[in-house]
Amino acid sequence: MSTQADNEHIALLQGTLDLLILRTLVFGADHGLGIARAIQKQSDDVLLVDHGSLYPALQRLENQGWIKAKWGVSSNNRKARFYELTPSGRKHLVIETSQWRKLVFAIGRVLGPEEAEG
Amino acid sequence: MWRYGRPQADFSEEIRAHIQMETDRLRGEGLSEAEAFAQARREFGNVTRAQERFYESNRLFLAVENALRDLRYGVRVLSRSPAFSLVSILSLALGIGANVALFQIIDAVMLRSLPVPNPQELVRLQWKEGAQMSGNHTNVPAEFSYPQWDLLRQKRKLFSSMFAWSNSDLSLTPTGEIRFAKGMYASGELFATLGVQPEIGRMLMSEDDRPGCGVGLAVLSHSFWQREYGGDPSALGRKISIWGHPVEIIGVAPAWFTGVEVGKHFDVAIPLCAQAGLQERKALDDRQAFWLGIFARLKPGVTVRQASTYVETVTPGILESTIHPGYRPDTVKNYLKSRLEATPGGTGYSALRRDVTRPLLVLLAIAGLVLLIACANLANLMLARASARQAEITVRLSLGASRGRVIWQLLSESMLLAVSGCVLGAALAQLLSRYLIASFGNSAESPYLDLSLDWRMFAFMAGVSILACLLFGLAPALRVTRTGSAAKAGGRGLTATRQRFTLQRMLVASQIALSLILVLTSLLFVRSFSKLVMLDPGFQEDGVLIVGVGLNDAGPEAGRLMIFQGILDALRHTSGVDHAAIVQIPPLSGNEWDGDIRIDGAASGTEAAANVHFNRVGEGYFQTMAIPMYAGRDFNARDALGSPEVAIVDQSFSARFFHGQNPLGRTFHPEVSPGETPRRVEIVGIVKRTKYDSLQNEFAPLVYQPVAQDPKQDQGAWFAVHSRLPAGATTAAVRHSLARLNPNFIMIFNSLPVMAQDSVRRESLLAKLSGFFGLLAVILATLGLYGVSSYIVAQRRHEIGLRLALGAQRRTILRMMLTQSCVLLLAGLILGLAVALAAGRLAQSLLFELKPNDPWTIGLAIVGVSLVSFMASLLPALRASNVPPMAALREE
């Protein structure tokens, strides 16, 4: 993790990975690698997904019933496990997103306007 | 391996696919196959860590799997030593079974609510402790007179409704040997207050219970309707014969309603007002006849305490207007001092509750102790086994198992034992509780209790098994996983340190203490019972049959005595019968008649007025019952109505009032109601003192008067018959000769020896059960002591061998081992004795002529327990002293 923090990449905050996975899956079913790439691409390569954390997180979401999975074949004909948002996962995403927005807004107010740095 | 959820392999497969796809992409960017794969792996990070995190992501799954693994392991460990497991499960089953059985009965008798709507709104009205109401207390519940009820029913400010009730045996047979139905006199609002809807027809209502209702109407219980009418709805409108009167059946109660009294079930309910029409002793106007019980339903929001205060304030007015004119001034004073209270009535009324609560609690305490001993025993055995597995556990701990996991694993073995013991115990409990219930009854009937399992039972059983498991499993588990002891496992102590067996020794000492308590208790109950059985009641019950004869169409009172005389003659001429006499209150029947007398010229220092027991008997009664006559004469034909009143008193009467002076020829005056002619009675005889209503009650002054001088003659009479034949043959012969005399007689037969047995049932039960538990306790404690002594000897084998090799005498070794056991024994005895003496008060009221601290009983118990314990430790000690030194030293 420390090697990643050295450059422009930012390690994900605890708990935010779940939110990002759910958000990514809104556009349709995808496999683990696809999800990781999508997050990276959407954030203009700022957010880096640790693959070692990705799969346990997917498993956690699956246990909670927010996503479901089945084996399928990837675009380049490889066997892969595809994840898909469930209705309850969709609902959860809405709640979590609005809470996240509130949090960001609140933290922004506490921190105040950005000061110019040296 | 059994799993649920997603298999680990599937997860690994997904990761492999991920790396494969990444490799594909990198190869597309121009890297070689090997480089691409290495890069993909590097980017992924730690695969094993990801797999571990997946595995742990389901905590519940992990816990279940661990628990199952522990259980499987436990089953394997336990099935490797079946003897140990069997003994453990059996001793637990006995302990738990006894507790469950007793709790089941306590639940049924004391805790369960009547199955009526909102039972918590019901209150029972009763007299506070110490109330004295002189008069005839007949028929359970025997608390209120009808005049009292008549006034009380109007005081209903806080009650939405209230009812009075009473149990009474009702004769169903117009003639022949009597057959009783269990009657319930019910005031009009009983069914409405309890919310009982009819199965068919209708229930009794207020309009059905008005004075002057004649013989009234009848409501049948469901079971009686099924039994007697086969559940035929056409029973409605038919007549049922009650005491020879035809009474119309108007309805059948639903099956769930068995009456107000727990442990009893009614057959026929009839309104209170019908008492006057059905039975000869009219109770409705009688201020001295206490036969009713009262329940009320609280208005919403009213508390039991408010109701209690309210009924207490209305008591004086009710008492003032119901004083019996015949009461002496001090009897009136006592009567007016009585106060009412309201108590929660949701659990109904129970005569059984009053009688068996204390024995049940004592037995529950005993059963609890037995379970404790069983647990202490098991803890000891588990400890020994755990020490034997010390090496295995040390290895587990050093390989990184957490202490908690190892404790859990050991505890799950204990839980396995506890649950098996509980299941077997619950099965045993079903047998035991039915036996107990049968023992609470008498030869004629057993209480009718609902023993179905409810949530309380399951909670109790679960609680008992978990408690037991923790009791015997936790200490050994904690002990053996202690890091200090784990470190020791490698080496081996050459001598036993004092501290090494502390826990075992404490357990053995407490087992000895507990078994002393149990042995002492059982000896107390057994001795108390044998005293009661060996007791001389003053009469000979063997061969005596009590015969009740009821007259149909009895005719005027004046002629009845002649009919009774005819019956007596017929009885005396029956084959096998050598004596027969009429008696108003048969002994040990539980019935009682007392009254006040004033004595002319009583010896100085004795009371001139007192309350004594009465009975009326006929000529030959003392011969029939083999009661020795000390002085004076028996009643004879000249003692008739109109001639001077005479009495025969018993020896306790003469001792109390005449202090050894000759009472013959002295006179006394029974209290009479104002307006009645004063009576004067001359004492003409003295007989041996006898027990009166029960064997347990103490001898009290008793006055016999001749039946022939009683101006009131009932529609029936009791006769005592002594016969040389067995009871069955006598009954048959008497039935035959009476039926020949008059086929319309109603007859009832009781054997006096059976009545005597019935009256000591409670003591017999306590003696039997506590004896059984005491024996069990000694066996368990002996096993425990033997087990621990053997274990210590085995552990110290090497040390003993060394001592012997160094020149110690075998006698010294023996003494050393025995001294240790004796110290334990002594400690246990002192502890047990202290607890037993402190707890003795609980048993006091159940003992007959015996104190809980009776020195003989205590001595016997101590000697018994010491002897058995000594024997149990002698064997292992002998084995220790016979250790071949060289063999013991070479073993390691």
# chains A, B, ... in the order shown; residues from 1 in each chain; ligands from 1

call {"tool": "closest_atom_pairs", "arguments": {"of": "chain B", "to": "chain A", "cutoff": "10 Å", "atoms": "only C-alpha atoms", "output": "JSON lines"}}
result
{"residue": "B:Gly5", "atom": "CA", "partner": "A:Asn63", "partner_atom": "CA", "distance": 8.6}
{"residue": "B:Arg6", "atom": "CA", "partner": "A:Gln59", "partner_atom": "CA", "distance": 9.0}
{"residue": "B:Asp10", "atom": "CA", "partner": "A:Arg81", "partner_atom": "CA", "distance": 9.5}
{"residue": "B:Phe11", "atom": "CA", "partner": "A:Tyr55", "partner_atom": "CA", "distance": 8.3}
{"residue": "B:Glu13", "atom": "CA", "partner": "A:Ala80", "partner_atom": "CA", "distance": 8.8}
{"residue": "B:Glu14", "atom": "CA", "partner": "A:Arg81", "partner_atom": "CA", "distance": 6.3}
{"residue": "B:Ile15", "atom": "CA", "partner": "A:Tyr55", "partner_atom": "CA", "distance": 8.0}
{"residue": "B:Arg16", "atom": "CA", "partner": "A:Ala80", "partner_atom": "CA", "distance": 9.3}
{"residue": "B:Ala17", "atom": "CA", "partner": "A:Ala80", "partner_atom": "CA", "distance": 5.9}
{"residue": "B:His18", "atom": "CA", "partner": "A:Leu33", "partner_atom": "CA", "distance": 6.0}
{"residue": "B:Ile19", "atom": "CA", "partner": "A:Leu33", "partner_atom": "CA", "distance": 8.7}
{"residue": "B:Gln20", "atom": "CA", "partner": "A:Arg78", "partner_atom": "CA", "distance": 8.0}
{"residue": "B:Met21", "atom": "CA", "partner": "A:Arg78", "partner_atom": "CA", "distance": 7.0}
{"residue": "B:Glu22", "atom": "CA", "partner": "A:Leu33", "partner_atom": "CA", "distance": 7.7}
{"residue": "B:Asp24", "atom": "CA", "partner": "A:Asn76", "partner_atom": "CA", "distance": 8.6}
{"residue": "B:Arg25", "atom": "CA", "partner": "A:Asn76", "partner_atom": "CA", "distance": 9.6}
{"residue": "B:Glu43", "atom": "CA", "partner": "A:His51", "partner_atom": "CA", "distance": 7.5}
{"residue": "B:Phe44", "atom": "CA", "partner": "A:His51", "partner_atom": "CA", "distance": 5.0}
{"residue": "B:Gly45", "atom": "CA", "partner": "A:Gly52", "partner_atom": "CA", "distance": 5.8}
{"residue": "B:Asn46", "atom": "CA", "partner": "A:Gly52", "partner_atom": "CA", "distance": 6.3}
{"residue": "B:Val47", "atom": "CA", "partner": "A:Gly52", "partner_atom": "CA", "distance": 6.7}
{"residue": "B:Thr48", "atom": "CA", "partner": "A:Gly52", "partner_atom": "CA", "distance": 9.0}
{"residue": "B:Arg49", "atom": "CA", "partner": "A:Gly52", "partner_atom": "CA", "distance": 7.3}
{"residue": "B:Ala50", "atom": "CA", "partner": "A:Gly52", "partner_atom": "CA", "distance": 5.1}
{"residue": "B:Gln51", "atom": "CA", "partner": "A:Pro56", "partner_atom": "CA", "distance": 7.9}
{"residue": "B:Glu52", "atom": "CA", "partner": "A:Pro56", "partner_atom": "CA", "distance": 9.0}
{"residue": "B:Arg53", "atom": "CA", "partner": "A:Pro56", "partner_atom": "CA", "distance": 6.1}
{"residue": "B:Phe54", "atom": "CA", "partner": "A:Pro56", "partner_atom": "CA", "distance": 5.0}
{"residue": "B:Tyr55", "atom": "CA", "partner": "A:Pro56", "partner_atom": "CA", "distance": 8.7}
{"residue": "B:Glu56", "atom": "CA", "partner": "A:Pro56", "partner_atom": "CA", "distance": 9.2}
{"residue": "B:Ser57", "atom": "CA", "partner": "A:Arg60", "partner_atom": "CA", "distance": 6.5}
{"residue": "B:Asn58", "atom": "CA", "partner": "A:Asn63", "partner_atom": "CA", "distance": 8.0}

call {"tool": "residues_around", "arguments": {"residues": "Gln809 of chain B", "least_positions_apart": "4", "cutoff": "12 Å", "atoms": "only C-alpha atoms", "output": "list in words"}}
result
Ile800, Gly801, Leu802, Arg803, Leu804, Ala805, Ile813, Leu814, Arg815, Met816, Ala880, Ser881, Asn882, Val883 and Pro885 of chain B

call {"tool": "atom_distance", "arguments": {"atom1": "atom CA of Arg109 of chain A", "atom2": "atom CA of His92 of chain A"}}
result
25.9 Å

call {"tool": "residues_around", "arguments": {"residues": "Ile318 of chain B", "least_positions_apart": "2", "cutoff": "10 Å", "atoms": "only C-alpha atoms", "output": "ChimeraX atom specification"}}
result
/B:147-152,155,313-316,320-323,336

call {"tool": "residues_around", "arguments": {"residues": "segment 421-437 of chain B", "least_positions_apart": "2", "cutoff": "8 Å", "atoms": "only C-alpha atoms", "output": "list in words"}}
result
Ser88, Ile89, Leu90, Ser91, Leu92, Ala93, Leu94, Gly95, Ile96, Gly97, Ala98, Asn99, Val100, Ala101, Leu102, Gln104, Ile105, Leu417, Ala418, Val419, Ser439, Phe440, Gly441, Ser446, Pro447, Leu449, Met461, Ser465 and Leu765 of chain B

call {"tool": "residues_around", "arguments": {"residues": "Arg23 of chain A", "least_positions_apart": "4", "cutoff": "12 Å", "atoms": "only C-alpha atoms", "output": "list in words"}}
result
Thr16, Leu17, Asp18, Leu19, Phe27, Gly28, Ala29, Asp30, Ile35, Ala36, Ala38, Ile39, Gln42, Trp66, Ile67, Glu84, Leu85, Gly89, Arg90, Lys91, His92, Leu93, Val94, Ile95, Glu96 and Thr97 of chain A

call {"tool": "write_last_selection", "arguments": {"atoms": "N, CA and C atoms", "output": "CSV table (one decimal), in the first residue's frame"}}
result
chain,number,residue,atom,x,y,z
A,16,THR,N,-15.4,2.4,1.4
A,16,THR,CA,-15.8,3.1,0.1
A,16,THR,C,-15.8,2.1,-1.0
A,17,LEU,N,-14.9,1.1,-0.9
A,17,LEU,CA,-14.8,0.1,-2.0
A,17,LEU,C,-16.2,-0.5,-2.3
A,18,ASP,N,-16.9,-0.9,-1.3
A,18,ASP,CA,-18.3,-1.5,-1.5
A,18,ASP,C,-19.1,-0.6,-2.3
A,19,LEU,N,-19.1,0.7,-1.9
A,19,LEU,CA,-20.0,1.7,-2.6
A,19,LEU,C,-19.6,1.8,-4.1
A,27,PHE,N,-24.1,-0.2,-14.4
A,27,PHE,CA,-24.0,-0.2,-15.9
A,27,PHE,C,-24.2,-1.6,-16.4
A,28,GLY,N,-24.2,-2.6,-15.6
A,28,GLY,CA,-24.4,-4.0,-16.0
A,28,GLY,C,-23.5,-4.9,-15.4
A,29,ALA,N,-23.7,-6.2,-15.6
A,29,ALA,CA,-22.9,-7.3,-15.0
A,29,ALA,C,-21.4,-7.2,-15.4
A,30,ASP,N,-20.5,-7.5,-14.5
A,30,ASP,CA,-19.1,-7.5,-14.9
A,30,ASP,C,-18.4,-8.5,-14.0
A,35,ILE,N,-14.5,-4.9,-13.0
A,35,ILE,CA,-14.9,-3.9,-12.0
A,35,ILE,C,-13.7,-3.0,-11.5
A,36,ALA,N,-12.6,-3.7,-11.3
A,36,ALA,CA,-11.4,-3.0,-10.8
A,36,ALA,C,-11.0,-2.0,-11.9
A,38,ALA,N,-12.8,-0.7,-14.3
A,38,ALA,CA,-13.8,0.4,-14.4
A,38,ALA,C,-13.6,1.5,-13.4
A,39,ILE,N,-13.4,1.0,-12.1
A,39,ILE,CA,-13.2,2.0,-11.1
A,39,ILE,C,-12.0,2.9,-11.4
A,42,GLN,N,-12.8,5.2,-14.4
A,42,GLN,CA,-13.8,6.3,-14.1
A,42,GLN,C,-13.2,7.4,-13.2
A,66,TRP,N,-26.6,-8.1,-1.8
A,66,TRP,CA,-26.7,-6.9,-2.6
A,66,TRP,C,-26.3,-7.2,-4.1
A,67,ILE,N,-25.5,-8.2,-4.2
A,67,ILE,CA,-25.1,-8.6,-5.6
A,67,ILE,C,-25.2,-10.1,-5.7
A,84,GLU,N,-23.7,-9.1,-10.5
A,84,GLU,CA,-24.8,-8.4,-11.0
A,84,GLU,C,-25.5,-7.7,-9.8
A,85,LEU,N,-26.1,-6.5,-10.0
A,85,LEU,CA,-26.7,-5.9,-8.9
A,85,LEU,C,-28.1,-6.5,-8.6
A,89,GLY,N,-29.7,-4.5,-3.6
A,89,GLY,CA,-28.4,-3.8,-3.8
A,89,GLY,C,-28.6,-2.4,-4.4
A,90,ARG,N,-29.5,-2.3,-5.3
A,90,ARG,CA,-29.8,-1.0,-6.0
A,90,ARG,C,-30.3,0.0,-4.9
A,91,LYS,N,-31.2,-0.5,-4.1
A,91,LYS,CA,-31.8,0.3,-3.0
A,91,LYS,C,-30.7,0.8,-2.1
A,92,HIS,N,-29.9,-0.2,-1.7
A,92,HIS,CA,-28.8,0.1,-0.8
A,92,HIS,C,-27.8,1.2,-1.4
A,93,LEU,N,-27.6,1.1,-2.7
A,93,LEU,CA,-26.7,2.0,-3.3
A,93,LEU,C,-27.2,3.4,-3.2
A,94,VAL,N,-28.6,3.6,-3.4
A,94,VAL,CA,-29.2,4.9,-3.4
A,94,VAL,C,-29.0,5.5,-2.0
A,95,ILE,N,-29.3,4.7,-1.0
A,95,ILE,CA,-29.1,5.2,0.4
A,95,ILE,C,-27.7,5.6,0.7
A,96,GLU,N,-26.8,4.7,0.3
A,96,GLU,CA,-25.3,4.9,0.6
A,96,GLU,C,-24.8,6.1,-0.1
A,97,THR,N,-25.3,6.3,-1.4
A,97,THR,CA,-24.8,7.4,-2.2
A,97,THR,C,-25.2,8.7,-1.5

call {"tool": "closest_residue", "arguments": {"among": "B:Val721, B:Ala186, B:Cys213, B:Val123", "to": "Ser308 of chain B", "atoms": "only C-alpha atoms"}}
result
B:Val123

call {"tool": "residues_around", "arguments": {"residues": "Leu516 of chain B", "least_positions_apart": "3", "cutoff": "7 Å", "atoms": "only C-alpha atoms", "output": "list in words"}}
result
Ile512, Ala513, Val519, Leu520, Leu829, Gly832, Ala861, Ile862 and Val865 of chain B

call {"tool": "write_last_selection", "arguments": {"atoms": "all heavy atoms", "output": "PDB file, in the first residue's frame"}}
result
ATOM      1  N   ILE B 512     -18.782 -35.157  50.203  1.00  0.00           N
ATOM      2  CA  ILE B 512     -19.054 -35.797  51.493  1.00  0.00           C
ATOM      3  C   ILE B 512     -20.028 -34.938  52.282  1.00  0.00           C
ATOM      4  O   ILE B 512     -20.993 -35.440  52.876  1.00  0.00           O
ATOM      5  CB  ILE B 512     -17.743 -36.023  52.268  1.00  0.00           C
ATOM      6  CG1 ILE B 512     -16.923 -37.098  51.554  1.00  0.00           C
ATOM      7  CG2 ILE B 512     -18.026 -36.440  53.699  1.00  0.00           C
ATOM      8  CD1 ILE B 512     -15.561 -37.327  52.143  1.00  0.00           C
ATOM      9  N   ALA B 513     -19.818 -33.620  52.253  1.00  0.00           N
ATOM     10  CA  ALA B 513     -20.721 -32.719  52.972  1.00  0.00           C
ATOM     11  C   ALA B 513     -22.142 -32.870  52.455  1.00  0.00           C
ATOM     12  O   ALA B 513     -23.090 -33.045  53.221  1.00  0.00           O
ATOM     13  CB  ALA B 513     -20.243 -31.277  52.809  1.00  0.00           C
ATOM     14  N   VAL B 519     -28.111 -37.857  53.593  1.00  0.00           N
ATOM     15  CA  VAL B 519     -28.319 -39.042  54.420  1.00  0.00           C
ATOM     16  C   VAL B 519     -29.056 -38.646  55.706  1.00  0.00           C
ATOM     17  O   VAL B 519     -29.999 -39.314  56.137  1.00  0.00           O
ATOM     18  CB  VAL B 519     -26.972 -39.714  54.747  1.00  0.00           C
ATOM     19  CG1 VAL B 519     -27.138 -40.758  55.829  1.00  0.00           C
ATOM     20  CG2 VAL B 519     -26.396 -40.344  53.510  1.00  0.00           C
ATOM     21  N   LEU B 520     -28.647 -37.531  56.263  1.00  0.00           N
ATOM     22  CA  LEU B 520     -29.301 -37.055  57.482  1.00  0.00           C
ATOM     23  C   LEU B 520     -30.786 -36.792  57.218  1.00  0.00           C
ATOM     24  O   LEU B 520     -31.657 -37.229  57.970  1.00  0.00           O
ATOM     25  CB  LEU B 520     -28.597 -35.773  57.953  1.00  0.00           C
ATOM     26  CG  LEU B 520     -29.074 -35.168  59.268  1.00  0.00           C
ATOM     27  CD1 LEU B 520     -29.022 -36.202  60.362  1.00  0.00           C
ATOM     28  CD2 LEU B 520     -28.199 -33.977  59.630  1.00  0.00           C
ATOM     29  N   LEU B 829     -17.517 -33.656  56.711  1.00  0.00           N
ATOM     30  CA  LEU B 829     -18.512 -33.877  57.758  1.00  0.00           C
ATOM     31  C   LEU B 829     -18.839 -32.580  58.488  1.00  0.00           C
ATOM     32  O   LEU B 829     -20.007 -32.267  58.722  1.00  0.00           O
ATOM     33  CB  LEU B 829     -18.010 -34.918  58.763  1.00  0.00           C
ATOM     34  CG  LEU B 829     -17.960 -36.363  58.263  1.00  0.00           C
ATOM     35  CD1 LEU B 829     -17.439 -37.286  59.348  1.00  0.00           C
ATOM     36  CD2 LEU B 829     -19.332 -36.831  57.792  1.00  0.00           C
ATOM     37  N   GLY B 832     -20.844 -30.319  56.162  1.00  0.00           N
ATOM     38  CA  GLY B 832     -22.194 -30.845  55.960  1.00  0.00           C
ATOM     39  C   GLY B 832     -23.064 -30.654  57.186  1.00  0.00           C
ATOM     40  O   GLY B 832     -24.238 -30.270  57.101  1.00  0.00           O
ATOM     41  N   ALA B 861     -26.110 -40.867  60.949  1.00  0.00           N
ATOM     42  CA  ALA B 861     -25.743 -40.388  59.613  1.00  0.00           C
ATOM     43  C   ALA B 861     -24.226 -40.247  59.507  1.00  0.00           C
ATOM     44  O   ALA B 861     -23.619 -40.673  58.523  1.00  0.00           O
ATOM     45  CB  ALA B 861     -26.422 -39.054  59.316  1.00  0.00           C
ATOM     46  N   ILE B 862     -23.604 -39.673  60.555  1.00  0.00           N
ATOM     47  CA  ILE B 862     -22.153 -39.468  60.522  1.00  0.00           C
ATOM     48  C   ILE B 862     -21.428 -40.806  60.450  1.00  0.00           C
ATOM     49  O   ILE B 862     -20.534 -41.006  59.616  1.00  0.00           O
ATOM     50  CB  ILE B 862     -21.693 -38.668  61.767  1.00  0.00           C
ATOM     51  CG1 ILE B 862     -22.183 -37.226  61.635  1.00  0.00           C
ATOM     52  CG2 ILE B 862     -20.177 -38.701  61.903  1.00  0.00           C
ATOM     53  CD1 ILE B 862     -21.796 -36.342  62.784  1.00  0.00           C
ATOM     54  N   VAL B 865     -21.929 -42.379  56.881  1.00  0.00           N
ATOM     55  CA  VAL B 865     -21.150 -41.735  55.815  1.00  0.00           C
ATOM     56  C   VAL B 865     -19.656 -42.001  56.018  1.00  0.00           C
ATOM     57  O   VAL B 865     -18.935 -42.313  55.063  1.00  0.00           O
ATOM     58  CB  VAL B 865     -21.443 -40.215  55.776  1.00  0.00           C
ATOM     59  CG1 VAL B 865     -20.486 -39.500  54.834  1.00  0.00           C
ATOM     60  CG2 VAL B 865     -22.869 -39.967  55.328  1.00  0.00           C
TER      61      VAL B 865
END

call {"tool": "residues_around", "arguments": {"residues": "Ala269 of chain B", "least_positions_apart": "6", "cutoff": "8 Å", "atoms": "only C-alpha atoms", "output": "PDB file with N, CA and C atoms, in the first residue's frame"}}
result
ATOM      1  N   GLY B 183     -69.279 -33.169  42.898  1.00  0.00           N
ATOM      2  CA  GLY B 183     -70.181 -32.044  42.704  1.00  0.00           C
ATOM      3  C   GLY B 183     -69.472 -30.733  42.920  1.00  0.00           C
ATOM      4  N   MET B 184     -69.924 -29.710  42.234  1.00  0.00           N
ATOM      5  CA  MET B 184     -69.425 -28.370  42.500  1.00  0.00           C
ATOM      6  C   MET B 184     -70.632 -27.466  42.684  1.00  0.00           C
ATOM      7  N   TYR B 185     -70.821 -27.005  43.928  1.00  0.00           N
ATOM      8  CA  TYR B 185     -71.840 -25.990  44.135  1.00  0.00           C
ATOM      9  C   TYR B 185     -71.300 -24.690  43.575  1.00  0.00           C
ATOM     10  N   ALA B 186     -72.097 -24.017  42.746  1.00  0.00           N
ATOM     11  CA  ALA B 186     -71.625 -22.807  42.086  1.00  0.00           C
ATOM     12  C   ALA B 186     -72.666 -21.716  42.256  1.00  0.00           C
ATOM     13  N   ALA B 218     -78.671 -28.775  36.727  1.00  0.00           N
ATOM     14  CA  ALA B 218     -77.325 -29.341  36.699  1.00  0.00           C
ATOM     15  C   ALA B 218     -76.610 -29.023  35.398  1.00  0.00           C
ATOM     16  N   VAL B 219     -75.322 -28.657  35.507  1.00  0.00           N
ATOM     17  CA  VAL B 219     -74.438 -28.522  34.351  1.00  0.00           C
ATOM     18  C   VAL B 219     -73.387 -29.629  34.472  1.00  0.00           C
ATOM     19  N   LEU B 220     -73.184 -30.387  33.403  1.00  0.00           N
ATOM     20  CA  LEU B 220     -72.226 -31.489  33.454  1.00  0.00           C
ATOM     21  C   LEU B 220     -70.859 -31.033  32.939  1.00  0.00           C
ATOM     22  N   SER B 221     -69.809 -31.672  33.458  1.00  0.00           N
ATOM     23  CA  SER B 221     -68.496 -31.432  32.871  1.00  0.00           C
ATOM     24  C   SER B 221     -68.403 -32.256  31.594  1.00  0.00           C
TER      25      SER B 221
END

call {"tool": "select_by_dssp", "arguments": {"residues": "segment 599-797 of chain B", "states": "strand (DSSP E or B)", "output": "PyMOL selection string"}}
result
chain B and resi 599+609-617+629-632+645-650+667-670+681-687+702-706+716-723+746-751

call {"tool": "atom_distance", "arguments": {"atom1": "atom CA of Val544 of chain B", "atom2": "atom CA of Ala700 of chain B"}}
result
22.8 Å

call {"tool": "select_by_dssp", "arguments": {"residues": "segment 496-720 of chain B", "states": "helix (DSSP H, G or I)", "output": "PyMOL selection string"}}
result
chain B and resi 498-534+557-572+621-624+651-658+707-709

call {"tool": "atom_distance", "arguments": {"atom1": "atom CA of Asp693 of chain B", "atom2": "atom CA of Asn591 of chain B"}}
result
5.7 Å
